[in-house]
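Everything below concerns the one structure shown next.
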Amino acid sequence: MPAEAAVTPNYQGPLAGTVVVDLSRALAGPHAAMMLGDLGARVVKVETPDGGDDTRGWGPPFVDPARGERESTYFLSANRNKESIALDLKSENGCRTLTALIARADVLIENFRTGVMDRLGFPMERLAEINPGLVVLSISGFGHDGPEGGRAGYDQIAQGEAGLMSLTGSSPDDPQRVGVPIADLLAGVHGAFGILAALREREVTGRGQVVRTSLLASVVGVHAFQGTRWTVAGEIGEAQGNHHPSICPYGLFPTADGAVQIAVGSEGLWKRFCDGFWIDPDTHGMATNPERVENRKKVNELVEAVFGAYGTEELLTKLEATGVPAGKVRNLREVYEWEQTRSQGLLVDVDHRTLGRLTIPGPPLRFFDPDGSEVTRTAHRPPPVLGADGEEIMKWLGEQGNESSDGTRVDRSHV
């Protein structure tokens, strides 16, 4: 965040006092839970005693602490602002502890395959009996019902099945996955959004409810203009590399020593662009955006010829002076070393129990009072070591004991 921002001391976030039980693993559910934790909710992550969340083993890269078990950077990415307790949910004592957690919770998040919660003894009817005000987020791969309801879903499979890969790549013959697990992440974002809506409705009705989303729904839900392109116009969108299908020129263009991206998203910007580079804006076939889209190859060749005379930095300076939106393609080191990234609070420092001081990506939201004073939460919990908060959680629940016969793990080593 900006150094000059006036941050309210000890601000705990808009969801302070909200309790979330996170039964999910991998990425979609944990990302939703992390978003709620970023906003101040108390998130209790329930993990299996034998290894915990699957992502603890997803690597390399791993980080090996001076003491204790190694940590995967994958797990670290999706589990800040959480506590961890390890419970055997197939045992009587583990289920008893989970029941106590559910009774105290406002939200429960799960992304088991359809039917697993029932087999564990926690069907939705039982959850409502334990806590009538509970909001449940249930995330699946392809939906909980329908002809393929309950089908297992992993991100890349969902990207393909939901059409995203057909729109991504250099050409229709080159389908590509997005470089991050976008189906999982979107399911998490949509799930968190649904939870907040259900919590708001609970204020009116006093009752909880079940929110469902899936990797399939979350990708189809962001097809945007590509969706209506088919449903309304009957056109099937295809991958066409780094150029926009409906705006031209808009995309990545080579320079004398690299590449820049431009977005000429209006006729006014087209005229500015042409004035800045001595192009006749009324050139045949280029006067309007529909004409330019129709003649994209010709337009792009013209832009490439003009840009080839400039170095990247020189061109970016000229584009800025011209008023045309433009940018470079940064690698992740450049992104995280960029002062603009840091100024937005997108990096946070945490003290990890075994790894020490860590800098990790931070929340994407900031909050301000009407007078302009920033009240964004600045204190964040590190991603937890497996079972590290078990004792504290058990005390909170009013239970006794260190490690029960069912394998419930309560780690006392940090006391």
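Chains: A, B, ... in order of the structure tokens. Residues: from 1 per chain. Ligands: from 1, in order shown.
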Could you tell me, as a list in words, which residues of segment 196-339 of chain A DSSP assigns to strand (DSSP E) when given the backbone? Val210, Val211, Arg212, Thr213, Ser214, Tyr250, Gly251, Leu252, Phe253, Pro254, Ala259, Val260, Gln261, Ile262, Ala263, Ala326 and Gly327 of chain A
Now that the selection is made, can you save its residues with N, CA and C atoms as a PDB file, in the first residue's frame?
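And here's result_9.pdb as it stands now:
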```
ATOM      1  N   VAL A 210     -27.564 -23.151   1.169  1.00  0.00           N
ATOM      2  CA  VAL A 210     -26.472 -23.804   0.454  1.00  0.00           C
ATOM      3  C   VAL A 210     -26.192 -23.021  -0.821  1.00  0.00           C
ATOM      4  N   VAL A 211     -24.920 -22.695  -1.034  1.00  0.00           N
ATOM      5  CA  VAL A 211     -24.471 -22.047  -2.259  1.00  0.00           C
ATOM      6  C   VAL A 211     -23.666 -23.073  -3.047  1.00  0.00           C
ATOM      7  N   ARG A 212     -24.011 -23.265  -4.305  1.00  0.00           N
ATOM      8  CA  ARG A 212     -23.289 -24.215  -5.137  1.00  0.00           C
ATOM      9  C   ARG A 212     -22.666 -23.508  -6.344  1.00  0.00           C
ATOM     10  N   THR A 213     -21.457 -23.877  -6.669  1.00  0.00           N
ATOM     11  CA  THR A 213     -20.851 -23.480  -7.930  1.00  0.00           C
ATOM     12  C   THR A 213     -19.934 -24.609  -8.373  1.00  0.00           C
ATOM     13  N   SER A 214     -19.358 -24.464  -9.543  1.00  0.00           N
ATOM     14  CA  SER A 214     -18.493 -25.512 -10.088  1.00  0.00           C
ATOM     15  C   SER A 214     -17.430 -24.886 -10.967  1.00  0.00           C
ATOM     16  N   TYR A 250      -5.738  -4.140 -31.359  1.00  0.00           N
ATOM     17  CA  TYR A 250      -5.780  -4.413 -29.924  1.00  0.00           C
ATOM     18  C   TYR A 250      -5.005  -5.704 -29.712  1.00  0.00           C
ATOM     19  N   GLY A 251      -3.776  -5.600 -29.176  1.00  0.00           N
ATOM     20  CA  GLY A 251      -3.016  -6.814 -28.948  1.00  0.00           C
ATOM     21  C   GLY A 251      -1.538  -6.557 -28.802  1.00  0.00           C
ATOM     22  N   LEU A 252      -0.761  -7.615 -29.012  1.00  0.00           N
ATOM     23  CA  LEU A 252       0.688  -7.586 -28.821  1.00  0.00           C
ATOM     24  C   LEU A 252       1.375  -7.414 -30.182  1.00  0.00           C
ATOM     25  N   PHE A 253       2.287  -6.419 -30.241  1.00  0.00           N
ATOM     26  CA  PHE A 253       2.978  -6.121 -31.496  1.00  0.00           C
ATOM     27  C   PHE A 253       4.478  -6.055 -31.254  1.00  0.00           C
ATOM     28  N   PRO A 254       5.285  -6.581 -32.200  1.00  0.00           N
ATOM     29  CA  PRO A 254       6.735  -6.534 -32.032  1.00  0.00           C
ATOM     30  C   PRO A 254       7.285  -5.126 -32.237  1.00  0.00           C
ATOM     31  N   ALA A 259       8.493  -6.130 -27.539  1.00  0.00           N
ATOM     32  CA  ALA A 259       7.085  -6.079 -27.922  1.00  0.00           C
ATOM     33  C   ALA A 259       6.334  -5.150 -26.988  1.00  0.00           C
ATOM     34  N   VAL A 260       5.240  -4.596 -27.475  1.00  0.00           N
ATOM     35  CA  VAL A 260       4.332  -3.805 -26.650  1.00  0.00           C
ATOM     36  C   VAL A 260       2.905  -4.237 -26.960  1.00  0.00           C
ATOM     37  N   GLN A 261       2.026  -3.927 -26.032  1.00  0.00           N
ATOM     38  CA  GLN A 261       0.607  -4.163 -26.241  1.00  0.00           C
ATOM     39  C   GLN A 261      -0.106  -2.818 -26.333  1.00  0.00           C
ATOM     40  N   ILE A 262      -1.083  -2.731 -27.231  1.00  0.00           N
ATOM     41  CA  ILE A 262      -1.898  -1.525 -27.330  1.00  0.00           C
ATOM     42  C   ILE A 262      -3.364  -1.924 -27.312  1.00  0.00           C
ATOM     43  N   ALA A 263      -4.210  -0.971 -26.923  1.00  0.00           N
ATOM     44  CA  ALA A 263      -5.652  -1.183 -26.901  1.00  0.00           C
ATOM     45  C   ALA A 263      -6.312   0.051 -27.506  1.00  0.00           C
ATOM     46  N   ALA A 326      -1.261   1.475 -23.457  1.00  0.00           N
ATOM     47  CA  ALA A 326      -0.214   0.560 -23.905  1.00  0.00           C
ATOM     48  C   ALA A 326       0.514  -0.004 -22.696  1.00  0.00           C
ATOM     49  N   GLY A 327       1.245  -1.085 -22.909  1.00  0.00           N
ATOM     50  CA  GLY A 327       2.026  -1.679 -21.833  1.00  0.00           C
ATOM     51  C   GLY A 327       2.966  -2.738 -22.360  1.00  0.00           C
TER      52      GLY A 327
END
```
Selection: 6 Å around segment 165-168 of chain A, only C-alpha atoms, excl. self and same-chain fewer than 3 positions, as a PDB file with N, CA and C atoms, in the first residue's frame:
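Once written, selection17.pdb looks like this:
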```pdb
ATOM      1  N   GLN A 159     -10.982 -26.365 -17.943  1.00  0.00           N
ATOM      2  CA  GLN A 159     -10.689 -25.333 -18.942  1.00  0.00           C
ATOM      3  C   GLN A 159     -11.009 -25.832 -20.345  1.00  0.00           C
ATOM      4  N   GLY A 160     -10.691 -27.100 -20.597  1.00  0.00           N
ATOM      5  CA  GLY A 160     -10.986 -27.664 -21.911  1.00  0.00           C
ATOM      6  C   GLY A 160     -12.466 -27.893 -22.118  1.00  0.00           C
ATOM      7  N   PRO A 175      -4.827 -25.195 -29.123  1.00  0.00           N
ATOM      8  CA  PRO A 175      -5.491 -24.887 -27.848  1.00  0.00           C
ATOM      9  C   PRO A 175      -4.491 -24.860 -26.704  1.00  0.00           C
ATOM     10  N   GLN A 176      -4.634 -23.877 -25.836  1.00  0.00           N
ATOM     11  CA  GLN A 176      -3.703 -23.705 -24.722  1.00  0.00           C
ATOM     12  C   GLN A 176      -4.463 -23.471 -23.421  1.00  0.00           C
ATOM     13  N   ARG A 177      -3.924 -23.983 -22.326  1.00  0.00           N
ATOM     14  CA  ARG A 177      -4.462 -23.668 -21.007  1.00  0.00           C
ATOM     15  C   ARG A 177      -3.995 -22.282 -20.587  1.00  0.00           C
ATOM     16  N   GLU A 238     -12.903 -18.529 -31.834  1.00  0.00           N
ATOM     17  CA  GLU A 238     -11.731 -19.386 -31.966  1.00  0.00           C
ATOM     18  C   GLU A 238     -10.502 -18.675 -31.432  1.00  0.00           C
ATOM     19  N   ALA A 239      -9.507 -19.461 -31.087  1.00  0.00           N
ATOM     20  CA  ALA A 239      -8.232 -18.889 -30.657  1.00  0.00           C
ATOM     21  C   ALA A 239      -7.578 -18.158 -31.817  1.00  0.00           C
TER      22      ALA A 239
END
```
From a DSSP calculation on the backbone, collect every residue of segment 41-124 of chain A in helix (DSSP H, G or I) and output the set as a ChimeraX atom specification. /A:54-57,73-77,92-104,116-119,124
Close residues, Ser84 of chain A itself excluded, 8 Å, only C-alpha atoms, min 5 positions apart in chain, as a PyMOL selection string: chain A and resi 44-47+384-390
